[in-house]
>>> print(open('structure_35.cif').read())   # mmCIF, C-alpha atoms
data_model
#
loop_
_atom_site.label_atom_id
_atom_site.label_comp_id
_atom_site.auth_asym_id
_atom_site.auth_seq_id
_atom_site.Cartn_x
_atom_site.Cartn_y
_atom_site.Cartn_z
CA MET A 213 -38.25 38.89 -33.04
CA SER A 214 -37.23 42.54 -33.15
CA ARG A 215 -35.78 42.35 -29.63
CA LEU A 216 -33.89 39.18 -30.52
CA ALA A 217 -32.55 40.78 -33.70
CA SER A 218 -31.49 43.88 -31.84
CA LEU A 219 -29.81 41.76 -29.19
CA PHE A 220 -27.74 39.84 -31.75
CA GLY A 221 -27.16 42.98 -33.80
CA SER A 222 -25.70 44.87 -30.86
CA ALA A 223 -23.66 41.97 -29.48
CA PRO A 224 -19.99 41.73 -30.43
CA LEU A 225 -19.11 39.28 -33.21
CA ALA A 226 -17.13 37.03 -30.85
CA THR A 227 -20.07 36.83 -28.45
CA ARG A 228 -22.47 35.93 -31.24
CA ARG A 229 -20.10 33.19 -32.39
CA GLU A 230 -20.22 31.73 -28.89
CA ILE A 231 -24.01 32.02 -28.48
CA THR A 232 -25.05 30.56 -31.85
CA PRO A 233 -23.48 27.07 -31.36
CA LYS A 234 -24.99 26.88 -27.87
CA LEU A 235 -28.45 27.74 -29.19
CA GLY A 236 -28.04 25.16 -31.93
CA PHE A 237 -26.98 22.50 -29.44
CA ALA A 238 -29.93 23.35 -27.18
CA LEU A 239 -32.34 23.09 -30.11
CA VAL A 240 -30.93 19.73 -31.18
CA LEU A 241 -31.15 18.48 -27.59
CA LEU A 242 -34.78 19.61 -27.37
CA LEU A 243 -35.69 17.87 -30.63
CA ALA A 244 -33.93 14.71 -29.46
CA LEU A 245 -35.94 14.71 -26.23
CA VAL A 246 -39.18 15.15 -28.16
CA TRP A 247 -38.20 12.29 -30.48
CA LEU A 248 -37.44 10.05 -27.48
CA ILE A 249 -40.84 10.52 -25.83
CA PRO A 250 -42.63 7.78 -27.86
CA LEU A 251 -39.76 5.35 -27.26
CA LEU A 252 -39.78 6.18 -23.57
CA TRP A 253 -43.53 5.60 -23.40
CA LEU A 254 -43.18 2.24 -25.17
CA LEU A 255 -40.52 1.12 -22.73
CA VAL A 256 -42.45 2.27 -19.66
CA ALA A 257 -45.84 0.94 -20.85
CA SER A 258 -44.41 -2.45 -21.84
CA MET A 259 -43.10 -2.92 -18.28
CA ARG A 260 -46.16 -1.58 -16.47
CA PRO A 261 -48.27 -4.30 -14.76
CA PRO A 262 -51.90 -4.58 -15.94
CA SER A 263 -53.07 -4.23 -12.34
CA GLU A 264 -52.31 -0.49 -12.42
CA GLY A 265 -55.18 0.09 -14.84
CA ILE A 266 -55.56 1.70 -18.25
CA ASN A 267 -55.33 5.29 -16.98
CA SER A 268 -51.77 4.70 -15.81
CA MET A 269 -50.69 3.99 -19.40
CA ALA A 270 -50.64 7.72 -20.14
CA VAL A 271 -48.00 8.30 -17.46
CA LEU A 272 -44.36 8.50 -18.55
CA LEU A 273 -42.99 7.79 -15.09
CA PRO A 274 -41.86 4.18 -14.60
CA SER A 275 -43.98 1.87 -12.50
CA ALA A 276 -43.03 1.19 -8.92
CA SER A 277 -43.23 -2.54 -9.67
CA PRO A 278 -42.09 -3.10 -13.27
CA THR A 279 -42.70 -6.47 -14.85
CA LEU A 280 -41.77 -8.41 -17.98
CA ASP A 281 -45.14 -10.16 -18.18
CA ASN A 282 -46.31 -7.94 -21.05
CA ILE A 283 -43.27 -8.85 -23.15
CA SER A 284 -43.76 -12.53 -22.32
CA ASP A 285 -47.46 -12.36 -23.25
CA ALA A 286 -46.73 -10.57 -26.53
CA TRP A 287 -44.08 -13.14 -27.42
CA SER A 288 -46.44 -16.06 -26.73
CA ILE A 289 -49.58 -14.56 -28.32
CA GLY A 290 -48.03 -13.18 -31.49
CA ASP A 291 -45.85 -15.31 -33.76
CA PHE A 292 -43.06 -12.74 -33.65
CA PRO A 293 -40.18 -15.17 -34.35
CA ARG A 294 -41.86 -16.19 -37.62
CA TYR A 295 -42.66 -12.55 -38.46
CA ALA A 296 -39.06 -11.55 -37.77
CA LEU A 297 -37.71 -14.37 -39.95
CA ASN A 298 -39.97 -13.35 -42.83
CA THR A 299 -38.88 -9.73 -42.48
CA ILE A 300 -35.20 -10.69 -42.45
CA ILE A 301 -35.68 -12.83 -45.58
CA ILE A 302 -37.48 -9.97 -47.36
CA CYS A 303 -34.94 -7.29 -46.42
CA THR A 304 -31.95 -9.52 -47.18
CA GLY A 305 -33.32 -10.73 -50.52
CA ILE A 306 -34.15 -7.20 -51.65
CA LEU A 307 -30.77 -5.85 -50.55
CA VAL A 308 -28.76 -8.59 -52.29
CA MET A 309 -30.58 -8.08 -55.58
CA GLN A 310 -30.34 -4.29 -55.24
CA PHE A 311 -26.59 -4.51 -54.73
CA VAL A 312 -26.30 -6.34 -58.06
CA THR A 313 -28.63 -4.05 -60.03
CA VAL A 314 -27.47 -0.71 -58.64
CA THR A 315 -23.82 -1.68 -59.06
CA LEU A 316 -24.22 -2.62 -62.70
CA ALA A 317 -26.50 0.32 -63.49
CA GLY A 318 -24.31 2.77 -61.60
CA PHE A 319 -21.23 1.56 -63.46
CA ALA A 320 -23.01 1.84 -66.81
CA PHE A 321 -24.12 5.41 -66.17
CA ALA A 322 -20.77 6.42 -64.68
CA ARG A 323 -18.23 4.80 -67.00
CA LEU A 324 -19.82 3.49 -70.17
CA SER A 325 -20.56 5.66 -73.19
CA PHE A 326 -23.71 5.00 -75.16
CA LYS A 327 -26.24 7.04 -77.08
CA GLY A 328 -28.86 8.79 -74.96
CA LYS A 329 -27.14 7.99 -71.66
CA THR A 330 -27.99 11.32 -70.02
CA LEU A 331 -31.62 11.19 -71.13
CA ILE A 332 -32.04 7.59 -69.96
CA PHE A 333 -30.48 8.46 -66.61
CA HIS A 334 -32.82 11.40 -66.11
CA LEU A 335 -35.82 9.26 -67.04
CA PHE A 336 -34.57 6.66 -64.59
CA LEU A 337 -34.45 9.25 -61.81
CA LEU A 338 -38.07 10.24 -62.49
CA GLN A 339 -39.00 7.19 -60.42
CA LEU A 340 -37.94 9.15 -57.35
CA MET A 341 -40.80 11.58 -57.98
CA LEU A 342 -43.47 8.87 -58.00
CA VAL A 343 -45.44 8.26 -54.83
CA PRO A 344 -45.10 4.53 -53.99
CA VAL A 345 -48.87 4.22 -53.53
CA LEU A 346 -49.35 4.93 -57.25
CA LEU A 347 -47.43 1.78 -58.15
CA ILE A 348 -49.35 -0.63 -55.91
CA VAL A 349 -51.99 -1.64 -58.50
CA PRO A 350 -49.53 -2.14 -61.43
CA ASN A 351 -47.09 -4.02 -59.20
CA LEU A 352 -49.85 -6.16 -57.72
CA THR A 353 -51.11 -7.01 -61.21
CA LEU A 354 -47.61 -7.99 -62.33
CA VAL A 355 -47.02 -10.12 -59.24
CA ALA A 356 -50.34 -11.92 -59.74
CA LYS A 357 -49.60 -12.62 -63.43
CA LEU A 358 -46.22 -14.09 -62.51
CA GLY A 359 -47.87 -16.40 -59.98
CA LEU A 360 -46.03 -14.81 -57.06
CA TYR A 361 -49.05 -13.58 -55.12
CA ASP A 362 -48.94 -14.52 -51.43
CA THR A 363 -45.22 -15.26 -51.57
CA LEU A 364 -42.21 -13.55 -50.07
CA THR A 365 -40.70 -13.33 -53.55
CA GLY A 366 -43.75 -11.34 -54.64
CA VAL A 367 -43.11 -8.86 -51.83
CA MET A 368 -39.48 -8.48 -52.88
CA LEU A 369 -39.85 -8.38 -56.66
CA PRO A 370 -40.82 -4.69 -57.24
CA PHE A 371 -37.83 -3.48 -55.24
CA PHE A 372 -35.04 -5.41 -56.95
CA ALA A 373 -34.04 -2.17 -58.72
CA SER A 374 -33.59 1.20 -57.03
CA ALA A 375 -33.37 4.62 -58.66
CA PHE A 376 -31.87 6.11 -55.50
CA GLY A 377 -29.27 3.35 -55.27
CA THR A 378 -28.36 3.76 -58.93
CA PHE A 379 -27.89 7.50 -58.48
CA LEU A 380 -25.81 6.98 -55.34
CA MET A 381 -23.52 4.40 -56.94
CA ARG A 382 -23.14 6.49 -60.10
CA GLN A 383 -21.90 9.37 -57.98
CA ALA A 384 -19.55 7.08 -56.06
CA PHE A 385 -18.11 5.46 -59.20
CA GLU A 386 -17.58 8.81 -60.91
CA ALA A 387 -15.42 9.94 -57.97
CA ILE A 388 -13.00 7.03 -58.51
CA PRO A 389 -9.96 8.02 -60.63
CA ALA A 390 -10.19 6.69 -64.17
CA GLU A 391 -6.45 5.90 -64.08
CA LEU A 392 -7.19 2.88 -61.85
CA GLU A 393 -9.50 1.41 -64.47
CA ASP A 394 -6.99 2.16 -67.22
CA ALA A 395 -4.33 0.25 -65.31
CA ALA A 396 -6.70 -2.70 -64.94
CA LEU A 397 -7.47 -2.58 -68.68
CA ILE A 398 -3.74 -2.79 -69.45
CA ASP A 399 -3.57 -5.91 -67.27
CA GLY A 400 -6.43 -7.42 -69.27
CA ALA A 401 -9.20 -7.13 -66.67
CA GLY A 402 -12.75 -7.48 -67.97
CA VAL A 403 -15.74 -5.34 -67.02
CA LEU A 404 -16.89 -7.53 -64.13
CA GLN A 405 -13.34 -7.85 -62.85
CA ARG A 406 -12.91 -4.08 -62.84
CA ILE A 407 -16.18 -3.65 -60.98
CA ARG A 408 -15.31 -6.33 -58.44
CA HIS A 409 -11.71 -5.38 -57.73
CA ILE A 410 -11.77 -1.59 -58.18
CA TYR A 411 -15.17 0.03 -57.95
CA VAL A 412 -16.86 -2.08 -55.29
CA PRO A 413 -13.99 -2.02 -52.72
CA LEU A 414 -13.52 1.75 -53.12
CA SER A 415 -17.26 2.43 -52.77
CA LEU A 416 -17.98 0.43 -49.61
CA PRO A 417 -19.12 3.50 -47.61
CA SER A 418 -21.73 4.25 -50.27
CA PHE A 419 -22.87 0.63 -50.24
CA ALA A 420 -23.17 0.76 -46.45
CA ALA A 421 -25.19 3.98 -46.56
CA PHE A 422 -27.52 2.53 -49.19
CA ALA A 423 -27.92 -0.69 -47.19
CA ILE A 424 -29.03 1.31 -44.15
CA VAL A 425 -31.64 3.20 -46.16
CA SER A 426 -32.87 0.05 -47.92
CA VAL A 427 -33.16 -2.18 -44.85
CA THR A 428 -34.83 0.54 -42.77
CA SER A 429 -37.33 1.29 -45.51
CA HIS A 430 -38.37 -2.32 -46.15
CA TRP A 431 -38.27 -3.32 -42.49
CA ASN A 432 -40.91 -0.64 -41.80
CA ASP A 433 -42.92 -1.18 -45.00
CA PHE A 434 -46.54 -2.07 -44.24
CA LEU A 435 -48.94 -1.33 -47.10
CA TRP A 436 -47.27 -3.36 -49.86
CA PRO A 437 -46.80 -6.59 -47.81
CA LEU A 438 -50.37 -6.19 -46.58
CA MET A 439 -51.60 -6.20 -50.19
CA VAL A 440 -49.52 -9.21 -51.27
CA ILE A 441 -49.53 -11.54 -48.27
CA ASN A 442 -52.60 -13.45 -47.09
CA SER A 443 -51.10 -16.45 -45.31
CA PRO A 444 -50.46 -15.88 -41.57
CA ASP A 445 -47.14 -17.75 -41.70
CA LYS A 446 -45.78 -15.37 -44.36
CA ARG A 447 -46.51 -12.08 -42.66
CA PRO A 448 -43.63 -9.69 -41.96
CA LEU A 449 -43.32 -7.87 -38.66
CA THR A 450 -45.35 -4.82 -39.66
CA VAL A 451 -48.36 -6.82 -40.87
CA GLY A 452 -48.07 -9.27 -37.99
CA LEU A 453 -47.98 -6.39 -35.53
CA SER A 454 -51.11 -4.91 -37.09
CA VAL A 455 -53.02 -8.17 -36.64
CA PHE A 456 -51.61 -8.63 -33.16
CA THR A 457 -52.57 -5.06 -32.19
CA ALA A 458 -56.12 -5.48 -33.46
CA THR A 459 -56.47 -8.63 -31.35
CA ALA A 460 -54.96 -7.16 -28.19
CA GLU A 461 -56.82 -3.87 -28.54
CA GLY A 462 -60.13 -5.68 -28.08
CA THR A 463 -59.05 -6.64 -24.57
CA GLN A 464 -57.49 -3.19 -23.94
CA ALA A 465 -54.12 -4.83 -23.27
CA TRP A 466 -52.14 -1.69 -23.96
CA GLY A 467 -49.09 -2.96 -22.13
CA THR A 468 -49.00 -6.04 -24.37
CA ILE A 469 -49.45 -3.85 -27.47
CA ALA A 470 -46.57 -1.63 -26.37
CA ALA A 471 -44.42 -4.71 -25.75
CA GLY A 472 -45.18 -6.07 -29.23
CA THR A 473 -44.39 -2.72 -30.83
CA LEU A 474 -41.15 -2.52 -28.89
CA MET A 475 -40.11 -5.96 -30.14
CA VAL A 476 -40.68 -4.86 -33.75
CA ILE A 477 -38.53 -1.74 -33.55
CA ALA A 478 -35.92 -3.14 -31.13
CA PRO A 479 -33.71 -4.91 -33.73
CA LEU A 480 -33.20 -1.76 -35.81
CA LEU A 481 -32.76 0.40 -32.73
CA ILE A 482 -30.21 -1.91 -31.13
CA THR A 483 -28.31 -2.27 -34.41
CA PHE A 484 -28.12 1.49 -34.78
CA LEU A 485 -26.91 1.99 -31.19
CA VAL A 486 -24.22 -0.68 -31.58
CA PHE A 487 -22.95 0.55 -34.96
CA GLN A 488 -23.80 4.22 -34.52
CA LYS A 489 -20.36 5.61 -35.39
CA ARG A 490 -20.02 3.39 -38.45
CA PHE A 491 -23.48 4.38 -39.71
CA ILE A 492 -22.75 8.09 -39.36
CA SER A 493 -19.34 7.66 -40.98
CA SER A 494 -20.93 5.86 -43.95
CA PHE A 495 -23.41 8.68 -44.55
CA LEU A 496 -20.74 11.37 -44.27
CA THR A 497 -18.37 9.53 -46.59
CA SER A 498 -21.04 8.84 -49.22
CA GLY A 499 -22.19 12.46 -49.16
CA ILE A 500 -25.80 11.81 -48.02
CA LYS A 501 -27.13 14.77 -46.08
#
>>> encode(input="structure_35.cif", output="structure tokens")
Amino acid sequence: MSRLASLFGSAPLATRREITPKLGFALVLLLALVWLIPLLWLLVASMRPPSEGINSMAVLLPSASPTLDNISDAWSIGDFPRYALNTIIICTGILVMQFVTVTLAGFAFARLSFKGKTLIFHLFLLQLMLVPVLLIVPNLTLVAKLGLYDTLTGVMLPFFASAFGTFLMRQAFEAIPAELEDAALIDGAGVLQRIRHIYVPLSLPSFAAFAIVSVTSHWNDFLWPLMVINSPDKRPLTVGLSVFTATAEGTQAWGTIAAGTLMVIAPLLITFLVFQKRFISSFLTSGIK
């Protein structure tokens, strides 16, 4: 460390300005390569023929004779189309309801004046400090009392409101000039009309950023659906993959397990690669770091 400090301390300022970005780029590239190793292993293992043996599964180099049999076996053994449909229904239902609740709550905290608004908003944000595991028992009790146990609605219900989404939309709505709302008021626009025609269109990047966070979170959620769902035909991808993995692990079919795991993460990965620039632009515009 002392040699490195002395090296940078003695180097001219222009030289240091040239070296620092290069070191940063090299570090980012190294972290990206480390992050890609599990994905690379999944891809290689899912296309490695079972005839090469279990020991070959630890090798990152592609097989000399790649095959799609593992993917075909995983597709036929596990009910992945049903799992994927359930996951899409859960993520879509949660996101639609969250758009409604966070929009209305964000507008109320950003534009309406009422007694105790700041205190209520701070209490609302306290939810962000709670570990989700702490809420499993109360949420499960509520879902059971409502008769929604072992239903997709029961999986979705606790997430219809979002403290993070409310905070994000409050920040987005506060950045919109109040003169636009005043002009709409002069034209006789009601509250819902102002939200629909002014606030929502001007906050689309924030909505997109929140949608990415919400869908990714609930697509990967495992513990809560595991607690609520018992029926095999209602399992989402994460729970279905767990059952599928436990079955395939007994036969040491690691290639099939890798293929099943790859099918679970592939939709999100492909979506991100296709819309990469739009995703990054949404986060930058909404101010999420």
>>> atom_distance(input="structure_35.cif", atom1="atom CA of A:Gly452", atom2="atom CA of A:Phe434")
9.7 Å
>>> resolve_selection(input="structure_35.cif", expression="the PyMOL selection byres ((chain A and resi 287) around 12)", output="VMD selection string")
chain A and resid 280 to 286 288 to 296 452 to 453 456 468 to 476
>>> closest_residue(input="structure_35.cif", among="A:Phe311, A:Tyr411, A:Tyr361, A:Phe419", to="A:Ser374", atoms="all atoms listed in the file")
A:Phe311
>>> residues_around(input="structure_35.cif", residues="stretch 429-432 of chain A", least_positions_apart="3", cutoff="9 Å", atoms="only C-alpha atoms", output="list in words")
Thr299, Ile300, Ile302, Cys303, Ile306, Ile424, Val425, Ser426, Pro448, Leu449, Thr450, Ile477 and Leu480 of chain A
>>> atom_distance(input="structure_35.cif", atom1="atom CA of A:Ile407", atom2="atom CA of A:Phe422")
17.5 Å
>>> atom_distance(input="structure_35.cif", atom1="atom CA of A:Val343", atom2="atom CA of A:Val427")
19.0 Å
>>> closest_residue(input="structure_35.cif", among="A:Ser277, A:Thr365, A:Thr330, A:Ser418", to="A:Thr315", atoms="only C-alpha atoms")
A:Ser418
>>> resolve_selection(input="structure_35.cif", expression="the PyMOL selection byres ((chain A and resi 403) around 12)", output="MDAnalysis selection string")
chainID A and resid 315:316 319:320 323:324 393:394 396:397 400:402 404:411
>>> closest_residue(input="structure_35.cif", among="A:Trp436, A:Phe321, A:Phe326, A:Trp247", to="A:Leu380", atoms="only C-alpha atoms")
A:Phe321
>>> residues_around(input="structure_35.cif", residues="A:Ala276", least_positions_apart="4", cutoff="12 Å", atoms="all atoms listed in the file", output="ChimeraX atom specification")
/A:256,259-261,263-264,268
>>> closest_residue(input="structure_35.cif", among="A:Leu251, A:Ser454, A:Asn298, A:Phe237", to="A:Leu481", atoms="only C-alpha atoms")
A:Leu251
